[in-house]
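What follows is a set of notes on a single structure, which appears directly below.
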Amino acid sequence: TNRNLITKHLYATASVIKIPNGLFGEKLAYESVDITDYSLGQSYPITIYDDGNGNLIDTSIPTDSMIPFDNLDAYWGFNDKFLTSKKHSGKVRDFSRRKNTIKYGNVSFDNGITTTGLKSVTSGTKAKFDGTGYMILEDSTKLNYKTNDDFAISLWIDLPTNQTNVSGKLNHIISKQGDQFQKYVNDKTKKVEEYVVPYTDVVYPFAIKTYNQTGLADKGKIVVERFDGIKKSIIQSTTDLRNAEHHILFNKTGSTLELYIDGVLNGTTTDKSVGKTHNDALLTLGAKGWDNGTGLSGSLDEVRFFNRGLTSDEVSSLSNNDYLTGSAYNTPYVGNVFYSQGQIVVTNPRPKYN
């Protein structure tokens, strides 16, 4: 019954404060929750308030450069419940509410990205790939940017020294070049069914890859690219990104392509695409479709797709995982107030709320 609840999704774990009430029919008053925690010292207060609409907002998190929710096409954060799951196959819910549920196989989960600043501790949950894993969005019509569409792809990555698959020099981080579904009518059931075939076209709207150890001088570098079948547009990072967590963002604004590493512009090029770039291939994380020959070894976290290019300030906001002021989760909303039930629930995965 909250009037304008913004944080629709509650994580699997939470800090819950229960206020005994209801004896005389009372409930918590709107805008009545104000939490200040000085356990980190007078210079580092945690301040949370109730906006009157059932949302808890942390005022220490800067919001000036956060990207509006309407610009989010997909978001897989892998947060919380996957840490206790022993299943290496299943589905991951998309937090953007656009129903982009992604299937995964041979993927495990571990503690997520590490905070910086006052304390260095893990935050949330990340997906771990061992070279045989994959995450696949089966609806190929989604996240399928056309030639003139702007977009941005944001993610955190942690690459090991060596990749398991070295049949080629590059391993796929995010791909729209893998398999595709074809439909047929089952002779026995007379129902329309699907089967997987290799993607045979060559165009793709985006790809993010990394050089493995056979890449010699390029090993550990990131490559972002797109291809219209005639001209390929490529940016390669200038440094080796192995053995440390990094934030990566592939940005397209108009005819300009950009690669940001840890919030800093690392490379730029002109988009050469003239013909179509959208295709019928499956979007895959950590592999090239079900083709494990180029599957990734490493971990991914906080994967987001945006329907426009981002500004440098917005990119910086997504790359900030400071213990106190980190805006990497792109929201100041950290929980909810259930007025009628007398409950205050903090659900955000940031470790400072433990």
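Following the order of the structure tokens, chains are lettered A, B, ..., residues in each are numbered from 1, and ligands are numbered from 1.
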
(request) as a PyMOL selection string, list the residues of region 276-308 of chain A assigned to strand (DSSP E or B) by DSSP on the backbone atoms of this structure. (result) chain A and resi 283-285+288+291+297-306

Take the residues from that selection and put them in a file with N, CA and C atoms, as a short mmCIF file (atom, residue, chain, number, x, y, z; two decimals), in the first residue's frame.
```
data_model
loop_
_atom_site.label_atom_id
_atom_site.label_comp_id
_atom_site.auth_asym_id
_atom_site.auth_seq_id
_atom_site.Cartn_x
_atom_site.Cartn_y
_atom_site.Cartn_z
N LEU A 283 22.46 -12.98 -27.67
CA LEU A 283 23.35 -12.23 -26.79
C LEU A 283 23.90 -13.18 -25.74
N THR A 284 25.23 -13.19 -25.61
CA THR A 284 25.87 -14.11 -24.67
C THR A 284 26.88 -13.36 -23.81
N LEU A 285 26.91 -13.68 -22.52
CA LEU A 285 27.93 -13.19 -21.60
C LEU A 285 28.89 -14.33 -21.31
N LYS A 288 30.88 -17.12 -26.69
CA LYS A 288 30.34 -16.79 -28.00
C LYS A 288 29.25 -17.81 -28.30
N ASP A 291 29.41 -21.88 -28.16
CA ASP A 291 30.74 -22.27 -28.64
C ASP A 291 31.74 -22.02 -27.53
N SER A 297 37.50 -17.13 -19.05
CA SER A 297 37.89 -17.43 -17.68
C SER A 297 38.00 -16.09 -16.96
N GLY A 298 37.24 -15.95 -15.86
CA GLY A 298 37.22 -14.67 -15.15
C GLY A 298 35.83 -14.43 -14.59
N SER A 299 35.60 -13.24 -14.07
CA SER A 299 34.31 -12.93 -13.46
C SER A 299 33.74 -11.62 -13.98
N LEU A 300 32.40 -11.55 -13.99
CA LEU A 300 31.67 -10.36 -14.43
C LEU A 300 30.72 -9.93 -13.32
N ASP A 301 30.49 -8.63 -13.23
CA ASP A 301 29.56 -8.11 -12.23
C ASP A 301 28.94 -6.82 -12.74
N GLU A 302 27.74 -6.52 -12.24
CA GLU A 302 27.05 -5.25 -12.52
C GLU A 302 27.02 -4.95 -14.01
N VAL A 303 26.46 -5.87 -14.79
CA VAL A 303 26.38 -5.71 -16.25
C VAL A 303 25.13 -4.90 -16.59
N ARG A 304 25.35 -3.80 -17.28
CA ARG A 304 24.23 -2.92 -17.65
C ARG A 304 24.30 -2.53 -19.12
N PHE A 305 23.11 -2.45 -19.74
CA PHE A 305 22.97 -1.93 -21.10
C PHE A 305 22.09 -0.69 -21.03
N PHE A 306 22.54 0.39 -21.65
CA PHE A 306 21.78 1.63 -21.68
C PHE A 306 21.37 1.97 -23.11
#
```

(request) Give me every alpha helix (DSSP H) residue in region 131-342 of chain A, going by DSSP on the backbone, as a ChimeraX atom specification. (result) /A:312-318

(message) Between A:Leu241, A:Ile344, A:Val334, A:Leu310, which residue has the minimum interatomic distance to Ser65 (chain A), considering only C-alpha atoms?
(response)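 Answer, going by the shortest atom-to-atom distance: A:Leu310.
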
(message) Taking only C-alpha atoms into account, name the residue in A:Gly342, A:Glu138, A:Arg98, A:Phe250 that is nearest to Tyr195 (chain A).
(response)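 Nearest candidate to Tyr195 (chain A) out of A:Gly342, A:Glu138, A:Arg98, A:Phe250: A:Glu138.
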
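Considering the residues A:Ile35, A:Ala29, A:Leu137, A:Val223 and counting only C-alpha atoms, Tyr353 (chain A) has its shortest atom-to-atom contact with A:Ile35.
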
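For the choices A:Ile222, A:Leu259, A:Ile57, A:Ala207, the atom-to-atom distance to Asp34 (chain A) is smallest for A:Ile57 when using only C-alpha atoms.
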
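Between Tyr211 (chain A) and the candidates A:Gln177, A:Ser255, A:Asn307, A:Asn162, the tightest atom-to-atom separation, counting only C-alpha atoms, involves A:Asn162.
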
(message) Under the rule that only C-alpha atoms are counted, which of A:Ala217, A:Leu56, A:Val202, A:Leu318 is the nearest residue to Tyr260 (chain A)?
(response) A:Leu318

(request) Would you mind listing what lies within 6 Å of region 271-280 of chain A as a PyMOL selection string, with only C-alpha atoms counted and same-chain residues fewer than 6 positions away left out? (result) chain A and resi 140+144-147+203-205+228+231+233+255-257

Deliver the residues from the most recent selection as a file, using all heavy atoms, as a JSON list (two decimals), in the first residue's frame.
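Done, and the output landed in again.json:
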```json
[["chain", "number", "residue", "atom", "x", "y", "z"],
["A", 140, "SER", "N", 16.60, -12.77, -29.24],
["A", 140, "SER", "CA", 17.63, -12.04, -29.99],
["A", 140, "SER", "C", 17.17, -10.68, -30.46],
["A", 140, "SER", "O", 17.96, -9.89, -30.98],
["A", 140, "SER", "CB", 18.08, -12.88, -31.20],
["A", 140, "SER", "OG", 16.98, -13.11, -32.07],
["A", 144, "ASN", "N", 19.61, -5.20, -29.34],
["A", 144, "ASN", "CA", 20.06, -5.47, -30.70],
["A", 144, "ASN", "C", 20.16, -4.16, -31.46],
["A", 144, "ASN", "O", 19.37, -3.88, -32.34],
["A", 144, "ASN", "CB", 19.06, -6.42, -31.37],
["A", 144, "ASN", "CG", 19.64, -7.11, -32.59],
["A", 144, "ASN", "OD1", 20.85, -7.09, -32.81],
["A", 144, "ASN", "ND2", 18.78, -7.70, -33.37],
["A", 145, "TYR", "N", 21.13, -3.34, -31.06],
["A", 145, "TYR", "CA", 21.19, -1.95, -31.51],
["A", 145, "TYR", "C", 21.48, -1.84, -33.01],
["A", 145, "TYR", "O", 22.39, -2.46, -33.54],
["A", 145, "TYR", "CB", 22.23, -1.20, -30.71],
["A", 145, "TYR", "CG", 21.94, -1.26, -29.23],
["A", 145, "TYR", "CD1", 22.79, -1.93, -28.36],
["A", 145, "TYR", "CD2", 20.80, -0.66, -28.70],
["A", 145, "TYR", "CE1", 22.53, -2.00, -27.00],
["A", 145, "TYR", "CE2", 20.52, -0.72, -27.35],
["A", 145, "TYR", "CZ", 21.38, -1.40, -26.50],
["A", 145, "TYR", "OH", 21.10, -1.48, -25.17],
["A", 146, "LYS", "N", 20.68, -0.99, -33.66],
["A", 146, "LYS", "CA", 20.83, -0.78, -35.09],
["A", 146, "LYS", "C", 21.94, 0.23, -35.37],
["A", 146, "LYS", "O", 22.51, 0.82, -34.46],
["A", 146, "LYS", "CB", 19.50, -0.31, -35.69],
["A", 146, "LYS", "CG", 18.40, -1.35, -35.55],
["A", 146, "LYS", "CD", 17.10, -0.88, -36.18],
["A", 146, "LYS", "CE", 16.01, -1.94, -36.05],
["A", 146, "LYS", "NZ", 14.73, -1.51, -36.65],
["A", 147, "THR", "N", 22.21, 0.44, -36.66],
["A", 147, "THR", "CA", 23.36, 1.24, -37.08],
["A", 147, "THR", "C", 23.38, 2.63, -36.43],
["A", 147, "THR", "O", 24.42, 3.08, -35.94],
["A", 147, "THR", "CB", 23.36, 1.40, -38.61],
["A", 147, "THR", "OG1", 23.31, 0.11, -39.21],
["A", 147, "THR", "CG2", 24.61, 2.12, -39.07],
["A", 203, "VAL", "N", 27.49, -9.61, -39.40],
["A", 203, "VAL", "CA", 27.30, -8.30, -38.77],
["A", 203, "VAL", "C", 26.96, -8.47, -37.29],
["A", 203, "VAL", "O", 26.37, -9.47, -36.88],
["A", 203, "VAL", "CB", 26.19, -7.50, -39.48],
["A", 203, "VAL", "CG1", 26.49, -7.38, -40.96],
["A", 203, "VAL", "CG2", 24.82, -8.13, -39.27],
["A", 204, "TYR", "N", 27.35, -7.49, -36.49],
["A", 204, "TYR", "CA", 26.98, -7.50, -35.07],
["A", 204, "TYR", "C", 27.06, -6.07, -34.52],
["A", 204, "TYR", "O", 27.91, -5.27, -34.94],
["A", 204, "TYR", "CB", 27.88, -8.43, -34.26],
["A", 204, "TYR", "CG", 29.36, -8.28, -34.46],
["A", 204, "TYR", "CD1", 30.12, -7.44, -33.65],
["A", 204, "TYR", "CD2", 30.02, -8.99, -35.46],
["A", 204, "TYR", "CE1", 31.49, -7.31, -33.82],
["A", 204, "TYR", "CE2", 31.38, -8.87, -35.64],
["A", 204, "TYR", "CZ", 32.12, -8.04, -34.83],
["A", 204, "TYR", "OH", 33.48, -7.91, -35.00],
["A", 205, "PRO", "N", 26.15, -5.72, -33.59],
["A", 205, "PRO", "CA", 26.09, -4.35, -33.08],
["A", 205, "PRO", "C", 27.17, -4.01, -32.08],
["A", 205, "PRO", "O", 27.53, -2.85, -31.91],
["A", 205, "PRO", "CB", 24.71, -4.29, -32.42],
["A", 205, "PRO", "CG", 24.42, -5.70, -32.04],
["A", 205, "PRO", "CD", 25.05, -6.55, -33.08],
["A", 228, "ASP", "N", 29.51, -3.88, -39.61],
["A", 228, "ASP", "CA", 28.34, -3.82, -40.48],
["A", 228, "ASP", "C", 28.47, -4.74, -41.69],
["A", 228, "ASP", "O", 27.69, -4.66, -42.64],
["A", 228, "ASP", "CB", 28.08, -2.39, -40.95],
["A", 228, "ASP", "CG", 29.15, -1.85, -41.88],
["A", 228, "ASP", "OD1", 30.17, -2.56, -42.10],
["A", 228, "ASP", "OD2", 29.00, -0.73, -42.39],
["A", 231, "LYS", "N", 32.79, -2.72, -42.91],
["A", 231, "LYS", "CA", 33.79, -1.98, -42.15],
["A", 231, "LYS", "C", 33.64, -2.27, -40.66],
["A", 231, "LYS", "O", 32.54, -2.16, -40.11],
["A", 231, "LYS", "CB", 33.68, -0.48, -42.41],
["A", 231, "LYS", "CG", 34.00, -0.09, -43.85],
["A", 231, "LYS", "CD", 33.95, 1.41, -44.04],
["A", 231, "LYS", "CE", 34.33, 1.80, -45.47],
["A", 231, "LYS", "NZ", 34.31, 3.27, -45.67],
["A", 233, "SER", "N", 34.70, -1.41, -36.76],
["A", 233, "SER", "CA", 35.18, -0.32, -35.90],
["A", 233, "SER", "C", 35.70, -0.94, -34.61],
["A", 233, "SER", "O", 34.97, -1.66, -33.93],
["A", 233, "SER", "CB", 34.04, 0.66, -35.60],
["A", 233, "SER", "OG", 33.44, 1.12, -36.81],
["A", 255, "SER", "N", 28.36, 9.21, -34.13],
["A", 255, "SER", "CA", 29.38, 8.48, -34.90],
["A", 255, "SER", "C", 30.64, 8.23, -34.10],
["A", 255, "SER", "O", 31.66, 7.81, -34.65],
["A", 255, "SER", "CB", 29.73, 9.27, -36.17],
["A", 255, "SER", "OG", 30.26, 10.54, -35.82],
["A", 256, "THR", "N", 30.59, 8.47, -32.79],
["A", 256, "THR", "CA", 31.77, 8.31, -31.94],
["A", 256, "THR", "C", 31.64, 7.09, -31.04],
["A", 256, "THR", "O", 30.63, 6.90, -30.37],
["A", 256, "THR", "CB", 31.99, 9.55, -31.05],
["A", 256, "THR", "OG1", 32.15, 10.70, -31.89],
["A", 256, "THR", "CG2", 33.22, 9.40, -30.19],
["A", 257, "LEU", "N", 32.68, 6.26, -31.05],
["A", 257, "LEU", "CA", 32.78, 5.11, -30.14],
["A", 257, "LEU", "C", 33.87, 5.41, -29.12],
["A", 257, "LEU", "O", 34.92, 5.97, -29.45],
["A", 257, "LEU", "CB", 33.13, 3.83, -30.90],
["A", 257, "LEU", "CG", 32.17, 3.39, -32.00],
["A", 257, "LEU", "CD1", 32.68, 2.13, -32.67],
["A", 257, "LEU", "CD2", 30.78, 3.16, -31.43]]
```

(request) Write out as a PyMOL selection string the residues lying within 10 Å of Tyr333 (chain A), counting only C-alpha atoms and excluding same-chain residues fewer than 6 positions away. (result) chain A and resi 6-7+48-51+55-59+61+346-348

(request) For Tyr199 (chain A), list every protein, DNA or RNA residue within 7 Å, evaluated using only C-alpha atoms, and leave out those in the same chain fewer than 6 positions away; present the list as a ChimeraX atom specification. (result) /A:177-180,281

Store the residues picked out above in a file with all heavy atoms, as a short mmCIF file (atom, residue, chain, number, x, y, z; two decimals), in the first residue's frame.
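Listing of selection-v4.cif after writing:
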```cif
data_model
loop_
_atom_site.label_atom_id
_atom_site.label_comp_id
_atom_site.auth_asym_id
_atom_site.auth_seq_id
_atom_site.Cartn_x
_atom_site.Cartn_y
_atom_site.Cartn_z
N GLN A 177 27.55 -12.59 -31.50
CA GLN A 177 28.08 -13.22 -32.70
C GLN A 177 27.92 -14.74 -32.67
O GLN A 177 28.39 -15.43 -33.57
CB GLN A 177 29.58 -12.92 -32.85
CG GLN A 177 29.93 -11.46 -32.94
CD GLN A 177 31.42 -11.25 -32.82
OE1 GLN A 177 31.93 -10.86 -31.78
NE2 GLN A 177 32.14 -11.52 -33.90
N GLY A 178 27.29 -15.27 -31.61
CA GLY A 178 27.26 -16.71 -31.42
C GLY A 178 26.14 -17.40 -32.15
O GLY A 178 25.88 -17.13 -33.33
N ASP A 179 25.43 -18.28 -31.45
CA ASP A 179 24.41 -19.11 -32.09
C ASP A 179 23.12 -18.33 -32.32
O ASP A 179 22.97 -17.19 -31.89
CB ASP A 179 24.12 -20.32 -31.20
CG ASP A 179 25.39 -21.11 -30.90
OD1 ASP A 179 26.10 -21.45 -31.85
OD2 ASP A 179 25.67 -21.36 -29.72
N GLN A 180 22.18 -18.97 -33.00
CA GLN A 180 20.85 -18.40 -33.17
C GLN A 180 19.83 -19.54 -33.19
O GLN A 180 20.18 -20.70 -33.39
CB GLN A 180 20.77 -17.59 -34.47
CG GLN A 180 20.99 -18.38 -35.73
CD GLN A 180 21.04 -17.50 -36.96
OE1 GLN A 180 22.07 -17.30 -37.58
NE2 GLN A 180 19.89 -16.97 -37.34
N ALA A 281 21.60 -13.20 -33.91
CA ALA A 281 22.42 -14.00 -33.00
C ALA A 281 22.00 -13.77 -31.56
O ALA A 281 21.46 -12.72 -31.19
CB ALA A 281 23.89 -13.64 -33.18
#
```
